[in-house]
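Worksheet for the structure shown next.
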Amino acid sequence: MRVLLLGSLAPASLSAEELQQHGAATFLLDGISRAASHQLVRHRLASFSQESQRYVDLSKIAQPGIELTVTPPAIAQNPETRVRFEQAMHDLERAYGELRALGIRKEDSRFLLPNASVTRIVVTMDFSAWRHFCWLRCDKAAQWEIRQVAEEILRTLHRLAPAVFQDLVDYFLPGEPLPA
Ligand SMILES: Cc1cc2nc3c(=O)[nH]c(=O)nc-3n(C[C@H](O)[C@H](O)[C@H](O)COP(=O)(O)OP(=O)(O)OC[C@H]3O[C@@H](n4cnc5c(N)ncnc54)[C@H](O)[C@@H]3O)c2cc1C
């Protein structure tokens with residue numbers, strides 16, 4: 001999973017309160033699962049652009065070294081569950097390739113693709129909306145993957161506008177040495 005800041009607006013002349021309304025940041029989230037992106041797109045104050053499974057043919061990009069799915073750590077840690085999971089993913093990938101080879105369009109073949117499928121998504125929010133997102137998704141009640149994404153986003157936002165995000169960092173990332 002990669003969290004990359006693509007752009008931001010954080011004018012130094014604005015107060016913390018003004019920055020909440022006028023500051024904004026755009027991130028590329030690469031290599032997260034569709035399970036995580038489904039949760040992300042519930043945030044209605046954000047703008048999104050997501051890689052489309054209608055246009056990307058997974059049977060063409062499948063090759064050694066390229067991960068097409070995300071494996072939850074709880075599954076990866078147990079050899080028995082890891083093997084079962086990998087087997088199921090392999091079966092789905094093969095069936096997807098077979099449907100494509102039989103002339104089924106990507107928009108229909110993708111019905112076989114699991115929540116574990118990796119995706120890329122670009123997300124933009126103003127700082128006020130990012131604060132709300134971090135409150136919900138850095139919390140220990142949040143699912144592990146979106147929580148990892150949210151924590152990484154919070155670290156970056158804190159570097160951009162410490163006054164706006166300090167209270168969230170103190171609460172969710174206490175004691176963590178953050179780069180200046
Ligand atoms: C731990 C956790 C578990 C969850 N479990 C489930 C689940 O089981 N099932 C499920 O369906 N969802 C679930 N969700 C998703 C949740 O219900 C919200 O859809 C999601 O967190 C987005 O939150 P939000 O609506 O507050 O944020 P945003 O959509 O980012 O909106 C931010 C705030 O803006 C305001 N706002 C935005 N749009 C409007 C509007 N149209 N009208 C009025 N006010 C608006 C609201 O005050 C809102 O809180 C879960 C979320 C979390 C964090």
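In the structure tokens, chains take the letters A, B, ... in the order shown, each chain's residues start at 1, and ligands count up from 1 in the order shown.
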**Message:** At a cut-off of 12 Å and counting only C-alpha atoms and all ligand atoms, what residues surround ligand 1? Please answer as a ChimeraX atom specification.
**Reply:** /A:36-47,123-147,150
**Request:** DSSP on the backbone, then: every residue of chain A marked helix (DSSP H, G or I), written as a VMD selection string.
**Result:** chain A and resid 16 to 22 34 to 40 58 to 61 73 to 76 79 to 101 106 to 112 127 to 137 144 to 160 162 to 172
**Message:** For a quick check of understanding, using only C-alpha atoms, which of A:Arg120, A:His90, A:Arg54, A:Arg110 has the smallest distance to Phe27 (chain A)?
**Reply:**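 Looking only at the distances to Phe27 (chain A), the closest residue turns out to be A:Arg120.
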**Prompt:** Which of these residues is nearest to Ile66 (chain A), using only C-alpha atoms: A:Glu176, A:Gly31, A:Leu6, A:Leu113?
**Reply:** A:Gly31
**Prompt:** Given the choices A:Asp57, A:Ala161, A:Leu28, A:Asn115, which gets closest to Leu9 (chain A) if the distance is worked out from only C-alpha atoms?
**Reply:**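 Of A:Asp57, A:Ala161, A:Leu28, A:Asn115, the one nearest Leu9 (chain A), counting only C-alpha atoms, is A:Ala161.
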**Request:** Find the residues around Glu18 (chain A) up to 10 Å (only C-alpha atoms counted), leave out those fewer than 5 positions away in its own chain, and share them as number ranges by chain.
**Result:** A: 10-11, 13, 23, 127-128, 164
**Prompt:** What is the distance between CA of Glu152 (chain A) and CA of Ile75 (chain A), in Å to one decimal?
**Reply:**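 Result for CA of Glu152 (chain A) versus CA of Ile75 (chain A): 22.7 Å, one decimal.
The smallest atom-to-atom distance between Leu58 (chain A) and any of A:Leu14, A:Leu154, A:Leu29, A:Leu112, using only C-alpha atoms, is found for A:Leu112.
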**Atomic separation - CA of Val3 (chain A) relative to CA of Thr81 (chain A), Å** =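 Going from CA of Thr81 (chain A) over to CA of Val3 (chain A), I get 27.9 Å.
Counting only C-alpha atoms, the residue from A:Ala12, A:Leu5, A:Leu178, A:Val56 that sits nearest to Glu107 (chain A) is A:Val56.
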